[in-house]
Amino acid sequence: MTPAAMAQDAADTAATEQAEAPETDMTDAGETAEAADPQVLLAEWTGPYGGVPPFDEVEVSMFQPALEAAMESARAEIDALTAQDAAPTFENTILPMEKGAGELSRALAVYGIWASGLNGPEVQAVQRVVAPKLAAFQDALYQDAALFQRIDAIYTGDEYEDLTPEQQRLVWDYHTDFVRAGAALNDEEKARVAEINQELAPLYTSFSNNLLHDEEAYVTWLSEEDLAGLPDSVVNAAKSAAESRNNEGGEYAILNTRSSMDPFLTYSDNRALREEVWRTYYARGDNGDEYDNNDVIAKIMPLRAERSQILGYESFAHRSIEKAVAGNPQAAMDLMLKVWPAATAKVDEEVAAMQAIADEEEAWIKIAPWDYRYYAEKVRQAEYDFDSEEVKQYLQLENLREGMFWMAGELYGMEFEQVTDVPVFHEDVRVWEVTRDGEHLGLWYFDPYARTGKRSGAWMNAYRTQDNLDGFTTPIVSNNSNFVKGAEGEPVLISWDDATTLFHEFGHALHGLNSNVTYPSLAGTAVPRDYVEFPSQVHENWLPTREVLENYALHVETGEPIPQELVDKIERAANARQGFDTTEYLASALVDMKLHMMTDFEGFDPDAFERETLEEMGMPEELPMRHRMPQFAHVFSGEGYAAGYYAYLWADTFSADAWEAFEEAGGPYDRETADAFGKWILSVGNTISPSEAYENFRGRQPDTNALMRDRGFGVAGEASGSVGDDTNAPLD
């Protein structure tokens with residue numbers, strides 16, 4: 001990965017994860033505390049397994065001086081590269097860039113872990129200082145005329161045809177990124193682009209801080225009589241949530257986060273409280289106070305549009321998708337609009353079934369958004385005899401982790417052995433060595449539990465990517481979750497949805513661990529955003545296989561495997577709420593794309609745009625967007641998913657079709673299909689275009705109707721492959 005790309009990932013992470021800090025924290029961290037030796041973060045990693053991060057030596061005061069020194073070192077490397085008299089070649093220009101910036105890479109790897117997993121006031125103070133510096137470093141590098149001239153000479157010169165396909169791909173990748181960042185602009189245009197980037201950085205921070213404030217400031221307190229309908233697991237979580245707030249408002253609390261809101265809305269019998277929790281959650285960033293994000297969005301969008309115009313793009317969306325598999329915004333829109341009618345029609349069916357139950361119970365209500373999850377669960381129990389709490393008794397976290405290891409062994413010949421000879425950044429983190437045929441392949445870190453200072457959700461990260469520059473550099477990857485830690489010796493039970501997410505994130509890890517390329521910028525998960533979710537999404541399908549469930553889905557008390565009758569219920573209920581899930585996601589993805597295809601933002605009102613766009617789309621009134629604009633951190637806390645939230649759906653066209661390849665071959669553990677998947681999907685990284693890689697695996701482009709079949713929407717139209725052709729922060 002280029003130094004500039006590293007800086008962008010770090011800046012995006014800082015903007016997304018940064019919490020609100022006092023204005024006094026805007027001073028350099030070094031001015032308020034004596035910094036520890038930053039060399040700890042800059043030095044080559046030592047120890048076993050090709051070297052490991054020195055987590056046991058890290059102090060927060062190291063980050064700012066280490067990152068500043070690393071940027072200075074990387075800048076000196078580039079200056080030396082551009083000062084040479086020799087004509088530009090792959091060997092004297094591209095290769096040094098791939099081998100360089102080691103200090104920056106190592107420092108950013110550790111900094112990113114603290115930003116996402118150990119984020120306290122000290123870290124937040126550092127983030128406020130280094131985020132704009134990282135952005136400025138990125139601008140300076142991408143706008144270096146001498147450097148771009150060398151890259152351009154290689155890309156357009158005679159030598160290009162003599163390079164290997166992988167080298168050509170790497171040169172193309174560099175050249176495209178530099179042009180997209182403004183390297184070919186004149187000095188005045190470059191200056192304005194850099195100015196815009198500096199204007200955007202604090203806006204992204206403000207958006208993130210405002211959202212964080214509303215997530216932390218609002219709590220719904222419950223009394224004993226408010227617990228009606230809630231299963232023990234939800235009650236215990238509410239009790240833990242209250243304890244985390246020092247029981248300042250009562251014994252039970254529903255926090256203003258999805259993980260707290262969702263189960264409450266699913267099970268609470270108290271409709272008034274359901275409405276209160278729902279309105280509080282979906283009003284985040286939209287309360288008309290000093291933390292309201294609408295004004296922030298109104299400032300972000302014209303800046304993005306102006307920058308896109310200077311760079312020569314029709315809109316921000318056109319620039320964002322240029323390197324993606326979709327290739328252009330209309331291709332992404334076409335896929336979403338193909339699915340949208342089927343999804344909303346499914347919502348109509350789901351609401352009708354829910355309304356029937358409400359009428360039968362004489363609830364005397366019309367299904368509203370705060371009723372959807374509650375009555376959807378009733379429908380699932382009534383129509384499919386499916387009880388989420390019953391299933392949960394078979395889903396022990398540690399057993400499922402072993403099931404993932406077994407799956408990886410069956411499919412890719414990988415073995416996992418826990419090791420204790422490497423430092424970790426928190427006592428909850430454990431490490432496994434990964435081998436194949438007795439040869440060391442990499443390390444897998446597992447950080448499963450929630451804690452203060454850790455971002456919500458689940459994600460995969462790469463501490464070190466694989467390469468073959470000077471021998472085989474093995475990857476180090478992690479999976480991170482937010483399960484509630486049980487009492488000592490007590491197994492952690494998780495929901496079916498959480499188990500699916502566990503396998504999803506492990507799919508990202510397998511993508512990184514199976515990488516076998518030459519150049520680090522092209523390794524592992526360094527593929528387009530609308531393709532990177534494909535390997536992770538397809539691995540969700542191995543959870544419900546009979547082989548995994550019989551051996552690893554064991555009852556917490558009896559140890560008996562989950563009965564086939566219950567498995568059948570899971571399968572029948574798989575698409576029970578698919579209308580809701582797909583429609584709430586697509587609403588956000590479509591609004592994101594429509595917004596970023598705009599070019600005129602004079603008098604722009606984000607609230608009116610959201611409302612009017614949803615009305616034009618025919619958004620069902622019984623449910624909201626998954627992420628309303630004032631809380632859409634994917635899009636406004638940085639640019640990682642801006643005009644790119646469609647990526648999950650696009651990637652799922654690949655995953656649904658790929659799973660059918662296994663089914664057609666005789667089953668999920670078919671050796672020939674698994675070998676082909678490992679060879680053409682997991683190991684090649686970004687050395688060839690995703691479309692070419694998929695065609696090598698499948699023999700054709702994906703059939704988008706496989707997606708419709710997988711979601712239970714039926715098939716509309718003829719089979720069609722993805723269009724276009726062709727970058728990573730922590731992957732969700």
# chains A, B, ... in the order shown; residues from 1 in each chain; ligands from 1
call {"tool": "residues_around", "arguments": {"residues": "Gly579 in chain A", "least_positions_apart": "3", "cutoff": "7 Å", "atoms": "only C-alpha atoms", "output": "JSON list (two decimals) with C-alpha atoms, in the first residue's frame"}}
result
[["chain", "number", "residue", "atom", "x", "y", "z"],
["A", 343, "ALA", "CA", -37.80, -5.87, -1.61],
["A", 344, "THR", "CA", -40.62, -3.38, -1.07],
["A", 346, "LYS", "CA", -41.81, -8.30, 0.32],
["A", 347, "VAL", "CA", -42.29, -5.57, 2.93],
["A", 582, "THR", "CA", -33.10, -5.46, 2.22],
["A", 583, "THR", "CA", -35.34, -2.40, 2.03]]
call {"tool": "residues_around", "arguments": {"residues": "Gly120 in chain A", "least_positions_apart": "4", "cutoff": "9 Å", "atoms": "only C-alpha atoms", "output": "PyMOL selection string"}}
result
chain A and resi 19+114-115+124-125+452-454
call {"tool": "write_last_selection", "arguments": {"atoms": "N, CA and C atoms", "output": "PDB file, in the first residue's frame"}}
result
ATOM      1  N   ALA A  19     -13.673  10.490  19.238  1.00  0.00           N
ATOM      2  CA  ALA A  19     -14.701  10.921  20.174  1.00  0.00           C
ATOM      3  C   ALA A  19     -14.525  12.397  20.491  1.00  0.00           C
ATOM      4  N   TRP A 114      -5.358   1.183  18.461  1.00  0.00           N
ATOM      5  CA  TRP A 114      -5.749   2.016  19.601  1.00  0.00           C
ATOM      6  C   TRP A 114      -6.952   2.893  19.245  1.00  0.00           C
ATOM      7  N   ALA A 115      -7.007   3.399  18.019  1.00  0.00           N
ATOM      8  CA  ALA A 115      -8.115   4.259  17.606  1.00  0.00           C
ATOM      9  C   ALA A 115      -9.436   3.509  17.591  1.00  0.00           C
ATOM     10  N   GLN A 124      -7.918  10.217  21.775  1.00  0.00           N
ATOM     11  CA  GLN A 124      -8.721  11.205  21.061  1.00  0.00           C
ATOM     12  C   GLN A 124      -7.947  12.512  20.877  1.00  0.00           C
ATOM     13  N   ALA A 125      -7.165  12.878  21.890  1.00  0.00           N
ATOM     14  CA  ALA A 125      -6.360  14.092  21.775  1.00  0.00           C
ATOM     15  C   ALA A 125      -5.338  13.956  20.655  1.00  0.00           C
ATOM     16  N   THR A 452     -15.187  -0.442  27.101  1.00  0.00           N
ATOM     17  CA  THR A 452     -15.146   1.008  26.928  1.00  0.00           C
ATOM     18  C   THR A 452     -13.972   1.378  26.020  1.00  0.00           C
ATOM     19  N   GLY A 453     -14.233   2.266  25.068  1.00  0.00           N
ATOM     20  CA  GLY A 453     -13.184   2.703  24.158  1.00  0.00           C
ATOM     21  C   GLY A 453     -13.061   1.873  22.902  1.00  0.00           C
ATOM     22  N   LYS A 454     -13.921   0.876  22.746  1.00  0.00           N
ATOM     23  CA  LYS A 454     -13.876   0.022  21.559  1.00  0.00           C
ATOM     24  C   LYS A 454     -15.050   0.370  20.652  1.00  0.00           C
TER      25      LYS A 454
END
call {"tool": "closest_residue", "arguments": {"among": "A:Val40, A:Met404, A:Ile357, A:Ala458", "to": "Gly507 in chain A", "atoms": "only C-alpha atoms"}}
result
A:Met404
call {"tool": "residues_around", "arguments": {"residues": "Tyr313 in chain A", "least_positions_apart": "4", "cutoff": "12 Å", "atoms": "only C-alpha atoms", "output": "short mmCIF file (atom, residue, chain, number, x, y, z; two decimals) with N, CA and C atoms, in the first residue's frame"}}
result
data_model
loop_
_atom_site.label_atom_id
_atom_site.label_comp_id
_atom_site.auth_asym_id
_atom_site.auth_seq_id
_atom_site.Cartn_x
_atom_site.Cartn_y
_atom_site.Cartn_z
N VAL A 179 -3.76 10.17 -10.46
CA VAL A 179 -4.61 11.02 -11.29
C VAL A 179 -5.89 11.37 -10.53
N ARG A 180 -6.47 10.39 -9.87
CA ARG A 180 -7.71 10.62 -9.11
C ARG A 180 -7.51 11.63 -7.99
N ALA A 181 -6.30 11.70 -7.46
CA ALA A 181 -6.01 12.61 -6.36
C ALA A 181 -5.60 14.00 -6.84
N GLY A 182 -5.42 14.18 -8.16
CA GLY A 182 -5.11 15.50 -8.68
C GLY A 182 -3.69 15.71 -9.14
N ARG A 304 -17.33 18.40 -1.71
CA ARG A 304 -17.08 17.17 -2.47
C ARG A 304 -17.38 17.38 -3.95
N ALA A 305 -18.47 18.07 -4.23
CA ALA A 305 -18.84 18.30 -5.62
C ALA A 305 -17.82 19.19 -6.32
N GLU A 306 -17.38 20.24 -5.64
CA GLU A 306 -16.39 21.14 -6.24
C GLU A 306 -15.08 20.40 -6.53
N ARG A 307 -14.63 19.62 -5.57
CA ARG A 307 -13.39 18.88 -5.77
C ARG A 307 -13.52 17.90 -6.93
N SER A 308 -14.65 17.23 -7.03
CA SER A 308 -14.86 16.29 -8.13
C SER A 308 -14.81 17.00 -9.47
N GLN A 309 -15.41 18.19 -9.53
CA GLN A 309 -15.40 18.96 -10.78
C GLN A 309 -13.98 19.37 -11.15
N ALA A 317 -19.84 10.77 -7.21
CA ALA A 317 -20.11 9.34 -7.39
C ALA A 317 -19.29 8.76 -8.53
N HIS A 318 -19.11 9.50 -9.60
CA HIS A 318 -18.33 9.00 -10.73
C HIS A 318 -16.88 8.77 -10.33
N ARG A 319 -16.34 9.67 -9.52
CA ARG A 319 -14.97 9.47 -9.06
C ARG A 319 -14.88 8.29 -8.09
N SER A 320 -15.84 8.21 -7.18
CA SER A 320 -15.82 7.18 -6.16
C SER A 320 -15.85 5.78 -6.75
N ILE A 321 -16.62 5.59 -7.82
CA ILE A 321 -16.84 4.25 -8.37
C ILE A 321 -15.90 3.94 -9.53
N GLU A 322 -15.08 4.88 -9.92
CA GLU A 322 -14.23 4.69 -11.09
C GLU A 322 -13.41 3.40 -11.03
N ASN A 328 -19.25 2.56 -12.80
CA ASN A 328 -19.94 3.84 -12.93
C ASN A 328 -21.20 3.81 -12.08
N PRO A 329 -21.70 4.98 -11.67
CA PRO A 329 -22.86 5.02 -10.78
C PRO A 329 -24.11 4.36 -11.34
N HIS A 596 -24.83 11.69 -4.10
CA HIS A 596 -23.48 11.93 -4.62
C HIS A 596 -23.43 11.99 -6.14
N MET A 597 -24.55 11.76 -6.80
CA MET A 597 -24.64 12.02 -8.24
C MET A 597 -25.05 13.47 -8.52
N MET A 598 -25.46 14.20 -7.47
CA MET A 598 -25.83 15.60 -7.63
C MET A 598 -24.59 16.46 -7.84
N THR A 599 -24.77 17.58 -8.48
CA THR A 599 -23.66 18.51 -8.70
C THR A 599 -23.97 19.93 -8.22
#
call {"tool": "atom_distance", "arguments": {"atom1": "CA of Phe137 in chain A", "atom2": "CA of Leu469 in chain A"}}
result
25.6 Å
call {"tool": "select_by_dssp", "arguments": {"residues": "range 107-338 of chain A", "states": "helix (DSSP H, G or I)", "output": "VMD selection string"}}
result
chain A and resid 107 to 117 121 to 142 145 to 156 158 to 162 165 to 181 187 to 217 224 to 227 232 to 244 258 to 267 271 to 282 294 to 310 316 to 321 329 to 338
call {"tool": "closest_atom_pairs", "arguments": {"of": "range 421-464 of chain A", "to": "range 488-501 of chain A", "cutoff": "10 Å", "atoms": "only C-alpha atoms", "output": "CSV"}}
result
residue,atom,partner,partner_atom,distance
A:Tyr449,CA,A:Val492,CA,9.9
A:Gly457,CA,A:Thr501,CA,9.6
A:Ala458,CA,A:Thr501,CA,7.6
A:Trp459,CA,A:Thr501,CA,9.3
call {"tool": "residues_around", "arguments": {"residues": "Lys366 in chain A", "least_positions_apart": "5", "cutoff": "10 Å", "atoms": "only C-alpha atoms", "output": "PDB file with C-alpha atoms, in the first residue's frame"}}
result
ATOM      1  CA  VAL A 351     -46.561  -6.014   7.096  1.00  0.00           C
ATOM      2  CA  MET A 354     -47.832  -8.646  11.091  1.00  0.00           C
ATOM      3  CA  GLN A 355     -51.053  -6.655  10.907  1.00  0.00           C
ATOM      4  CA  ALA A 358     -51.922  -7.518  15.735  1.00  0.00           C
ATOM      5  CA  ASP A 359     -55.589  -7.605  14.727  1.00  0.00           C
ATOM      6  CA  ASP A 371     -43.674  -2.299  15.740  1.00  0.00           C
ATOM      7  CA  GLU A 622     -43.503   1.109   8.228  1.00  0.00           C
TER       8      GLU A 622
END
call {"tool": "closest_residue", "arguments": {"among": "A:Asp173, A:Glu68, A:Glu216, A:Asp162", "to": "Ile94 in chain A", "atoms": "only C-alpha atoms"}}
result
A:Asp173
call {"tool": "atom_distance", "arguments": {"atom1": "CA of Val219 in chain A", "atom2": "CA of Tyr374 in chain A"}}
result
20.3 Å
call {"tool": "select_by_dssp", "arguments": {"residues": "range 132-350 of chain A", "states": "strand (DSSP E)", "output": "list in words"}}
result
Val219, Thr220, Trp221, Leu222, Tyr252, Ala253, Ile254 and Leu255 of chain A
call {"tool": "closest_atom_pairs", "arguments": {"of": "range 295-354 of chain A", "to": "range 270-291 of chain A", "cutoff": "12 Å", "atoms": "only C-alpha atoms", "output": "Markdown table"}}
result
| residue | atom | partner | partner_atom | distance |
| --- | --- | --- | --- | --- |
| A:Asp295 | CA | A:Tyr291 | CA | 9.7 |
| A:Val296 | CA | A:Tyr291 | CA | 9.6 |
| A:Ile297 | CA | A:Gly285 | CA | 10.6 |
call {"tool": "write_last_selection", "arguments": {"atoms": "C-alpha atoms", "output": "short mmCIF file (atom, residue, chain, number, x, y, z; two decimals), in the first residue's frame"}}
result
data_model
loop_
_atom_site.label_atom_id
_atom_site.label_comp_id
_atom_site.auth_asym_id
_atom_site.auth_seq_id
_atom_site.Cartn_x
_atom_site.Cartn_y
_atom_site.Cartn_z
CA ASP A 295 -25.56 21.68 8.72
CA VAL A 296 -22.38 19.60 8.64
CA ILE A 297 -23.72 17.60 5.68
#
call {"tool": "closest_residue", "arguments": {"among": "A:Val635, A:Leu95, A:Val110, A:Ala608", "to": "Asn294 in chain A", "atoms": "only C-alpha atoms"}}
result
A:Ala608
call {"tool": "atom_distance", "arguments": {"atom1": "CA of Met619 in chain A", "atom2": "CA of Asp592 in chain A"}}
result
14.6 Å
call {"tool": "closest_residue", "arguments": {"among": "A:Asp605, A:Asp139, A:Glu360, A:Asp467", "to": "Gly685 in chain A", "atoms": "only C-alpha atoms"}}
result
A:Asp467
call {"tool": "residues_around", "arguments": {"residues": "Arg546 in chain A", "least_positions_apart": "5", "cutoff": "12 Å", "atoms": "only C-alpha atoms", "output": "list in words"}}
result
Gly403, Met407, Asn541, Asn551, Tyr552, Ala553, Pro561, Ile562, Pro563, Gln564, Leu566, Val567, Asp568, Glu571, Gly667, Pro668 and Tyr669 of chain A
call {"tool": "residues_around", "arguments": {"residues": "Met333 in chain A", "least_positions_apart": "6", "cutoff": "12 Å", "atoms": "only C-alpha atoms", "output": "PDB file with C-alpha atoms, in the first residue's frame"}}
result
ATOM      1  CA  ALA A 317     -20.115   9.340  -7.387  1.00  0.00           C
ATOM      2  CA  ILE A 321     -16.842   4.254  -8.366  1.00  0.00           C
ATOM      3  CA  ALA A 326     -19.360  -1.452 -10.949  1.00  0.00           C
ATOM      4  CA  GLY A 327     -17.305   1.111 -12.874  1.00  0.00           C
ATOM      5  CA  VAL A 339     -33.894  -5.435  -6.307  1.00  0.00           C
ATOM      6  CA  TRP A 340     -35.877  -2.496  -4.879  1.00  0.00           C
ATOM      7  CA  LEU A 586     -31.263  -0.287  -0.006  1.00  0.00           C
ATOM      8  CA  ALA A 587     -32.942   2.929   1.097  1.00  0.00           C
ATOM      9  CA  ALA A 589     -27.649   2.902  -0.411  1.00  0.00           C
ATOM     10  CA  LEU A 590     -29.954   4.585  -2.931  1.00  0.00           C
ATOM     11  CA  VAL A 591     -30.068   7.874  -1.026  1.00  0.00           C
ATOM     12  CA  ASP A 592     -26.263   7.771  -0.772  1.00  0.00           C
ATOM     13  CA  MET A 593     -25.888   7.275  -4.526  1.00  0.00           C
ATOM     14  CA  LYS A 594     -28.542   9.798  -5.544  1.00  0.00           C
ATOM     15  CA  HIS A 596     -23.485  11.928  -4.622  1.00  0.00           C
ATOM     16  CA  MET A 597     -24.636  12.023  -8.236  1.00  0.00           C
ATOM     17  CA  ALA A 643     -21.234   6.768  -2.960  1.00  0.00           C
ATOM     18  CA  GLY A 644     -20.210   3.236  -2.084  1.00  0.00           C
ATOM     19  CA  TYR A 645     -22.744   1.864   0.365  1.00  0.00           C
ATOM     20  CA  TYR A 646     -24.185  -0.103  -2.568  1.00  0.00           C
ATOM     21  CA  ALA A 647     -21.054  -2.278  -2.285  1.00  0.00           C
ATOM     22  CA  LEU A 649     -25.375  -5.611  -2.504  1.00  0.00           C
ATOM     23  CA  TRP A 650     -22.965  -5.660  -5.439  1.00  0.00           C
ATOM     24  CA  VAL A 723     -20.577  -4.536 -15.496  1.00  0.00           C
TER      25      VAL A 723
END
call {"tool": "closest_residue", "arguments": {"among": "A:Lys378, A:His440, A:Arg709, A:Arg430", "to": "Glu398 in chain A", "atoms": "only C-alpha atoms"}}
result
A:Arg430
call {"tool": "residues_around", "arguments": {"residues": "range 252-256 of chain A", "least_positions_apart": "4", "cutoff": "7 Å", "atoms": "only C-alpha atoms", "output": "mmCIF file with C-alpha atoms, in the first residue's frame"}}
result
data_model
loop_
_atom_site.group_PDB
_atom_site.id
_atom_site.type_symbol
_atom_site.label_atom_id
_atom_site.label_comp_id
_atom_site.auth_asym_id
_atom_site.auth_seq_id
_atom_site.Cartn_x
_atom_site.Cartn_y
_atom_site.Cartn_z
ATOM 1 C CA GLU A 215 -25.224 7.836 21.123
ATOM 2 C CA GLU A 216 -23.731 8.442 24.563
ATOM 3 C CA TYR A 218 -29.377 9.493 25.445
ATOM 4 C CA VAL A 219 -30.408 6.517 27.582
ATOM 5 C CA THR A 220 -33.854 4.988 28.085
ATOM 6 C CA TRP A 221 -34.092 3.859 31.714
ATOM 7 C CA LEU A 222 -36.340 0.936 32.596
ATOM 8 C CA SER A 223 -37.970 -0.268 35.785
ATOM 9 C CA ALA A 238 -29.922 -3.932 30.011
ATOM 10 C CA LYS A 239 -28.713 -4.527 33.542
ATOM 11 C CA ALA A 241 -25.750 -1.309 30.385
ATOM 12 C CA ALA A 242 -27.152 0.382 33.490
ATOM 13 C CA SER A 260 -29.102 -2.251 22.498
ATOM 14 C CA MET A 261 -32.026 -0.865 20.504
ATOM 15 C CA TYR A 281 -32.241 6.068 18.053
#
